[in-house]
Amino acid sequence: MAHEHKLEIFRGLWKFKSNTQKIWGVLVFLTFITIVEVVLGIYKPDIFMHTWMDPIEGGFFATIGNIILSPIVYMKPLNFIFIVLTLVKAYYITWDFMHMRDETGAMRKMVVWTGVFLICYLMFILLQEGGYVFDVYNGEDALIKKDF
Amino acid sequence: MDSTVATGTEEKTWGGGNQPLRASYGKMMMWFFIVSDALTFSGFLAAYGFSRFKFINEWPIADEVFTHVPFLHGQELPMIYVAFMTFVLIMSSVTMVLAVDAGHHMNKAKVTIYMFLTIIGGAIFVGSQAWEWATFIQGDYGAVQTKGGNILQFGEYVTVDGVEKFKRVSIDDIAIAQHGERVDHERKNGLWFVGEGTLPPYTVNEIYAGLAANDNVLVRNQLINEDGEKTVLSRAESLKQIKENGKLVVKGANLHVNEYGTTLFADFFFFITGFHGFHVFSGVVINIIIFFNVILGTYERRGSYEMVEKVGLYWHFVDLVWVFVFTFFYLV
């Protein structure tokens, strides 16, 4: 069986001589990301602990703007960084360890688009609902008392 | 006709000679399974996110919960051990992909070694997770649960290197034994058809007496303030909360109570890391089966090590899920 591997990552910035070398290269990269995550998680730099932007006040376009900017308006930058780094790690595990890079384009899209679309949908629905329930519990006219 | 007839079309597209998407049947089915399993896990993680958003202002802070490292007693080292576990899992993913690569070169000796290392890595990970569970269940400082189900923890302000910080105090250090009539209900001394679990280590009265006797100890509740820390109550409010609202002394965590905060946190911890741990465990079992098949030469005779590749896909998927569990349970 002939197996052909694409031997470059970062869009060709980092080329490898053999598949084995590529594996070790990816390991180095993934370890580096994990270390960055752990260091950030332990020291929690102050600059990343508060949102950089307040929600935009105003009408319809402000709401649209808030939705588009929601990762930085409603999320602590640190958490946003963690999620981005996680997705980067997930990409390299799937592409290089699971050999997604070497599969046909249709196969790749079949797996990744299905998963990504359904997961985004699920996340949106459930997190939206969770935030709503929080407002119901903690609004000024809340009928639920928890502090007793 | 009871025997297969060669029609001469096997190698043609409509005779089954074609591999759709240039992936073999087994590999494609493994990918289908992975997609559906990924959706199961994302369902769990989304449910975790739902509950967390629902209690966003009082969710336990992971750095204060997972602080232990084996053999380093009494030191607060958040993240270190899970980082180690993550590294072990990524490392075993690497040995797996090296085994797959060696399989492509039909190198039986190397496949054997790398499969073996993968199994070891998986075993270390499952063992670490068991330890993590045991530590979580056993508990740390203990707490008092209120009638409303909230958790009240204890601590005192200490100055370390010129910085004043809130240091947790264990209920074992403050509880003062009181005379009490409450005994464990056993089948032999009460209703024979009703059993009762073990009683909490202390009664709320014992904790209250201890709190009253230690002037420096304060209570903190679950609410997270602007600095991202749990709210510490004043001395008077501390005594009042324990006296009026305290209902149950909690040590450790299970599916009903959780000394670290919201019970849902413990429920999701057990459920999600448990489900992931079960995947790792079954992955190790499958790896062992494949390992013996490699040793016995099954794939050598078959002329292809594709089975190693398929189980490898599953193993990497387990690693992939852990990356997300790590982020959403320990980091975010």
# chains A, B, ... in the order shown; residues from 1 in each chain; ligands from 1

call {"tool": "select_by_dssp", "arguments": {"residues": "chain A", "states": "helix (DSSP H, G or I)", "output": "ChimeraX atom specification"}}
result
/A:10-12,19-43,46-48,60-68,70-73,77-97,100-102,105-138

call {"tool": "interface_residues", "arguments": {"of": "chain B", "to": "chain A", "cutoff": "8 Å", "atoms": "only C-alpha atoms", "output": "PDB file with C-alpha atoms, in the first residue's frame"}}
result
ATOM      1  CA  LEU B  21     -13.505   9.054  -0.912  1.00  0.00           C
ATOM      2  CA  ARG B  22     -10.457   6.816  -1.224  1.00  0.00           C
ATOM      3  CA  ALA B  23     -10.997   5.568   2.312  1.00  0.00           C
ATOM      4  CA  TRP B  31     -14.848   8.165  11.063  1.00  0.00           C
ATOM      5  CA  PHE B  32     -18.640   7.893  11.152  1.00  0.00           C
ATOM      6  CA  VAL B  35     -18.392  12.025  14.329  1.00  0.00           C
ATOM      7  CA  ALA B  38     -17.974  13.726  19.068  1.00  0.00           C
ATOM      8  CA  LEU B  39     -21.584  14.867  19.033  1.00  0.00           C
ATOM      9  CA  SER B  42     -20.296  17.931  22.725  1.00  0.00           C
ATOM     10  CA  GLY B  43     -23.804  17.277  24.035  1.00  0.00           C
ATOM     11  CA  ALA B  46     -22.845  21.861  26.080  1.00  0.00           C
ATOM     12  CA  ALA B  47     -25.005  20.678  28.980  1.00  0.00           C
ATOM     13  CA  GLY B  49     -21.979  24.976  29.674  1.00  0.00           C
ATOM     14  CA  PHE B  50     -25.726  25.371  30.136  1.00  0.00           C
ATOM     15  CA  SER B  51     -25.534  24.634  33.852  1.00  0.00           C
ATOM     16  CA  ARG B  52     -22.510  26.824  34.228  1.00  0.00           C
ATOM     17  CA  PHE B  53     -24.189  29.760  32.500  1.00  0.00           C
ATOM     18  CA  LYS B  54     -27.199  29.155  34.695  1.00  0.00           C
ATOM     19  CA  PHE B  55     -25.027  29.556  37.813  1.00  0.00           C
ATOM     20  CA  ILE B  56     -22.371  31.739  36.239  1.00  0.00           C
ATOM     21  CA  PRO B  78      -3.313  23.936  40.555  1.00  0.00           C
ATOM     22  CA  MET B  79      -3.108  22.696  36.965  1.00  0.00           C
ATOM     23  CA  ILE B  80       0.170  20.837  37.341  1.00  0.00           C
ATOM     24  CA  ALA B  83      -1.137  19.276  32.584  1.00  0.00           C
ATOM     25  CA  PHE B  87       0.961  15.509  28.194  1.00  0.00           C
ATOM     26  CA  ILE B  90      -0.684  13.516  23.800  1.00  0.00           C
ATOM     27  CA  MET B  91       2.507  11.503  24.152  1.00  0.00           C
ATOM     28  CA  SER B  93      -1.089   9.693  20.768  1.00  0.00           C
ATOM     29  CA  VAL B  94       2.356  10.276  19.331  1.00  0.00           C
ATOM     30  CA  VAL B  97       0.786   7.560  15.224  1.00  0.00           C
ATOM     31  CA  LEU B  98       4.356   6.265  15.141  1.00  0.00           C
ATOM     32  CA  ASP B 101       3.626   4.900  10.474  1.00  0.00           C
ATOM     33  CA  HIS B 104       2.802   1.478   6.710  1.00  0.00           C
ATOM     34  CA  THR B 146     -27.232  25.666  53.862  1.00  0.00           C
ATOM     35  CA  LYS B 147     -30.920  24.950  53.714  1.00  0.00           C
ATOM     36  CA  GLY B 148     -30.979  26.504  50.258  1.00  0.00           C
ATOM     37  CA  GLY B 149     -28.245  24.140  49.084  1.00  0.00           C
ATOM     38  CA  ASN B 150     -25.491  26.731  49.036  1.00  0.00           C
ATOM     39  CA  ASN B 245     -28.841  28.584  57.581  1.00  0.00           C
ATOM     40  CA  SER B 304      -1.693  -4.660   5.853  1.00  0.00           C
ATOM     41  CA  GLY B 312      -5.308   4.664  16.113  1.00  0.00           C
ATOM     42  CA  LEU B 313      -8.103   6.912  14.873  1.00  0.00           C
ATOM     43  CA  HIS B 316      -6.520  10.041  18.773  1.00  0.00           C
ATOM     44  CA  PHE B 317     -10.171  10.871  19.119  1.00  0.00           C
ATOM     45  CA  LEU B 320      -8.993  15.101  21.060  1.00  0.00           C
ATOM     46  CA  VAL B 323      -8.192  18.526  24.958  1.00  0.00           C
ATOM     47  CA  PHE B 324     -11.702  19.962  25.167  1.00  0.00           C
ATOM     48  CA  THR B 327     -10.116  23.406  28.540  1.00  0.00           C
ATOM     49  CA  LEU B 331      -8.915  26.240  32.280  1.00  0.00           C
ATOM     50  CA  VAL B 332     -11.943  28.315  31.378  1.00  0.00           C
TER      51      VAL B 332
END

call {"tool": "residues_around", "arguments": {"residues": "Phe281 (chain B)", "least_positions_apart": "2", "cutoff": "10 Å", "atoms": "only C-alpha atoms", "output": "PyMOL selection string"}}
result
chain B and resi 119+122-123+125-127+275-279+283-287

call {"tool": "select_by_dssp", "arguments": {"residues": "chain A", "states": "strand (DSSP E)", "output": "mmCIF file with N, CA and C atoms, in the first residue's frame"}}
result
data_model
loop_
_atom_site.group_PDB
_atom_site.id
_atom_site.type_symbol
_atom_site.label_atom_id
_atom_site.label_comp_id
_atom_site.auth_asym_id
_atom_site.auth_seq_id
_atom_site.Cartn_x
_atom_site.Cartn_y
_atom_site.Cartn_z
ATOM 1 N N GLU A 8 4.177 19.040 5.283
ATOM 2 C CA GLU A 8 4.424 20.410 5.736
ATOM 3 C C GLU A 8 3.251 20.888 6.577
ATOM 4 N N ILE A 9 3.552 21.659 7.614
ATOM 5 C CA ILE A 9 2.487 22.256 8.409
ATOM 6 C C ILE A 9 2.651 23.760 8.372
ATOM 7 N N TRP A 14 6.721 25.171 7.711
ATOM 8 C CA TRP A 14 7.564 24.191 8.388
ATOM 9 C C TRP A 14 7.484 22.885 7.620
ATOM 10 N N LYS A 15 8.566 22.542 6.941
ATOM 11 C CA LYS A 15 8.569 21.326 6.114
ATOM 12 C C LYS A 15 9.385 20.239 6.807
#

call {"tool": "closest_residue", "arguments": {"among": "B:Asn254, B:Thr118, B:Asn107, B:Thr159", "to": "Ala134 (chain B)", "atoms": "only C-alpha atoms"}}
result
B:Asn254

call {"tool": "atom_distance", "arguments": {"atom1": "CA of Ile64 (chain A)", "atom2": "CA of Trp52 (chain A)"}}
result
18.0 Å

call {"tool": "closest_residue", "arguments": {"among": "B:His68, B:Lys240, B:Lys27, B:Lys188", "to": "Leu211 (chain B)", "atoms": "only C-alpha atoms"}}
result
B:Lys240

call {"tool": "atom_distance", "arguments": {"atom1": "CA of Ile72 (chain A)", "atom2": "CA of Phe48 (chain A)"}}
result
10.7 Å
